[in-house]
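**Q** Quick one: structure below, then a few questions.
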Amino acid sequence: MTELRLSHRPATARKALDVFVRAFSVLSAALGIFFLFWILWVVLQKGHTVLSWSFFTSAPPSPGEGVGGIKYALVGTLKMTGLACLMGVPVGLLTGVYLAEFGRHGAFASGVRFCVNLLMGIPSILVGLFAYTIIVLAAPRHYSGNAGAFALAIIMLPTVARTSEDMLLLVPDALRESALALGIPRWRVITGILFRAARKGLLTGVLLSVSRVSGETAPLLFTALNNNFYPKDLSQPTANLTVTIYNYAMSPYDNWQRVAWGASLVIMAFLLGVTLLLRFILKERHRS
Amino acid sequence: MTLRRLANLWKAQTSFRKTSAFHRSADRAFRLLTLLCAVSTLLLVGAILWNLVENAWPSITRFGLGFVTSSQWNPVKSQYGAASSIYGTLVSTAIALILALPISVAIALFLTSYAPPWLARIVGTCVELLAAIPSIIYGMWGLFVFAPYMQKTVQPMLAKLPGPLFDGAPLGVGMLTAGIILALMILPFLTAVMRDVFSMTPPVLLESAAGMGSTSWEVTRKIAIPYGLRGLIGATFLGLGRAIGETMAVTFVIGNSHRISTSLFAPGNTIASTLANEFNEADSPLLEAALIELGLILFVITLIIQILAHLWLRSLQKRQAR
């Protein structure tokens, strides 16, 4: 225990320091808010000019003329995110089930938990590199939307696993025990009762992981690349929002840059919406 | 009559036995399935490490340890070294932490002890929303809006300071701008953890310190911070891990040059930005291997940070359990 030594400095100096710290903390808070609104304002101001219904339904523009639209990129992103969900969510969910229901305090479970944390902390560009070496390089070299979805799934997996475990652990053990006492088999207890009891939390985890991957660019750079054509299936390089933004923003064409800002606005609005929704859901849980 | 009853009983019994056998094997299958999924996370980490090593092998055998110490990056002569990327990664992360640590502590303080609850809720949400902005938007904002501002206003002011850190032409893009944007990106994560740590301090301690006549900064400095010091350090690990692999925002604003320079105004690169910038254009197998080795180095750095954070938090839990 550290002993609390009374300061021998005069009271005015101590009070001055206190006021200074208070001012610094107010200033820091103001700084954070200032930067948030600066960025939001810039994106809104530069992005809203291209926004219209046709922006969502048209083909990408040619360099230098017109704004066209982001339909292909939007569809590509949706398809890849959907496929990533199909791969990442079940594995993540079942990992969470293992950790919460079967492994719990065992040494193996804590090893798995460590690996899940590790996966969560791996920079997303390395996940892209991994997907490149394992799928794109599988001879002959072939970039595809599938590889992109695989990378996104790896990013989703740990988030889903962690939240699933946490949410299942919130379900009281009495519920498990009374269900088992009725003679219901374990797997039915988990899928029929625990999943239902933790429904909202599990959904939150999925939503959280979707919001995590929908702004990701780095894992798609070496896997899905980009494409100027409609993404009929994911076996080819696939158009997607974030890499489109990256390419267009770095291009010298004014109209492409405007499209990049417009697409940024779309993604940002989506992500802010999801984040506020998640906050709302979690708050509600807290209260009840 | 009795015969039929017996037959029914027998039927029920066998069907019970059958269904319970079915459920038992279903239980086993389900458990095995979850176990397989859990094992897949272990395999995934192993596979990532193995793949990176395997694909970086040509570069590892060719350059050996010199890869880490050489700052040469010359595709014409096929000479590659990681020093400038490692240096840039460490320096930009350091700038981000130096800026974000005090600010996040101050914001957490504001949220937990100075602001009235309604204001704390609004400010807290705003800071949290900083985490919802994707990296690429930070990058675009950084390149088109923030970097010109740095160039015209901030850097000329800093250039008047003595010392080699702020020498050179104010380009806008460069190590400093990248560091500031990284600081902004890790701010919400750091603030969230600091806030939790501060609110974990027992109110009795805070109140008794205040009762002895401490100012509220003294209460924080001498009670809340020492009490939560381990948690604060854990938060730093978290911020470090996030900043070190950040790719898109940094790629936009760091200037992408393979030169090591003492000036923070100078353009540089990080491991992640080099990968994002050059990997798709890598036309020789050796360059590709060298880039993958860069990725391997980044992976090892993150691995070390994670392991340290893990051990740190475990010792923390042990201490608390005591």
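Just so we're on the same page: first chain in the structure tokens is A, next is B, and so on; residues restart at 1 for each chain, and ligands are numbered from 1 in the order they show up.
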Pull out every residue of chain B that has at least one atom within 7 Å of chain A, counting only C-alpha atoms, and report them as a VMD selection string.
**A** chain B and resid 23 27 30 34 to 35 37 to 38 41 to 42 45 48 51 103 106 to 107 109 to 110 126 to 127 129 to 130 132 to 134 137 141 215 to 217 241 245 to 248 272 280 295 302 306
**Q** If you count only C-alpha atoms, which residues fall within 8 Å of Thr236 of chain B, apart from same-chain ones fewer than 3 positions away, as a count of residues only?
**A** 7
**Q** Name the residues of segment 43-234 of chain A that come out as alpha helix (DSSP H) in a backbone DSSP run; write them as a VMD selection string.
**A** chain A and resid 43 to 47 53 to 57 71 to 97 107 to 121 124 to 131 145 to 170 173 to 181 186 to 188 195 to 197 199 to 214 218 to 221
**Q** What gap, in Å, lies between atom CA of Glu207 of chain B and atom CA of Ile223 of chain B?
**A**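 Atom CA of Ile223 of chain B lies 10.2 Å from atom CA of Glu207 of chain B.
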**Q** Which of these residues is nearest to Leu158 of chain B, using only C-alpha atoms: B:Ser263, B:Gly142, B:Tyr87, B:Gly81?
**A**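 Using only C-alpha atoms, Leu158 of chain B sits closest to B:Ser263.
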**Q** Just want the 12 Å neighbourhood of Glu281 of chain B, counted on only C-alpha atoms, with same-chain residues fewer than 4 positions away dropped. Output as a list in words.
**A** Leu221 and Phe222 of chain A; Pro75, Thr274, Leu275, Ala276, Asn277, Pro285, Leu287, Glu288 and Leu291 of chain B
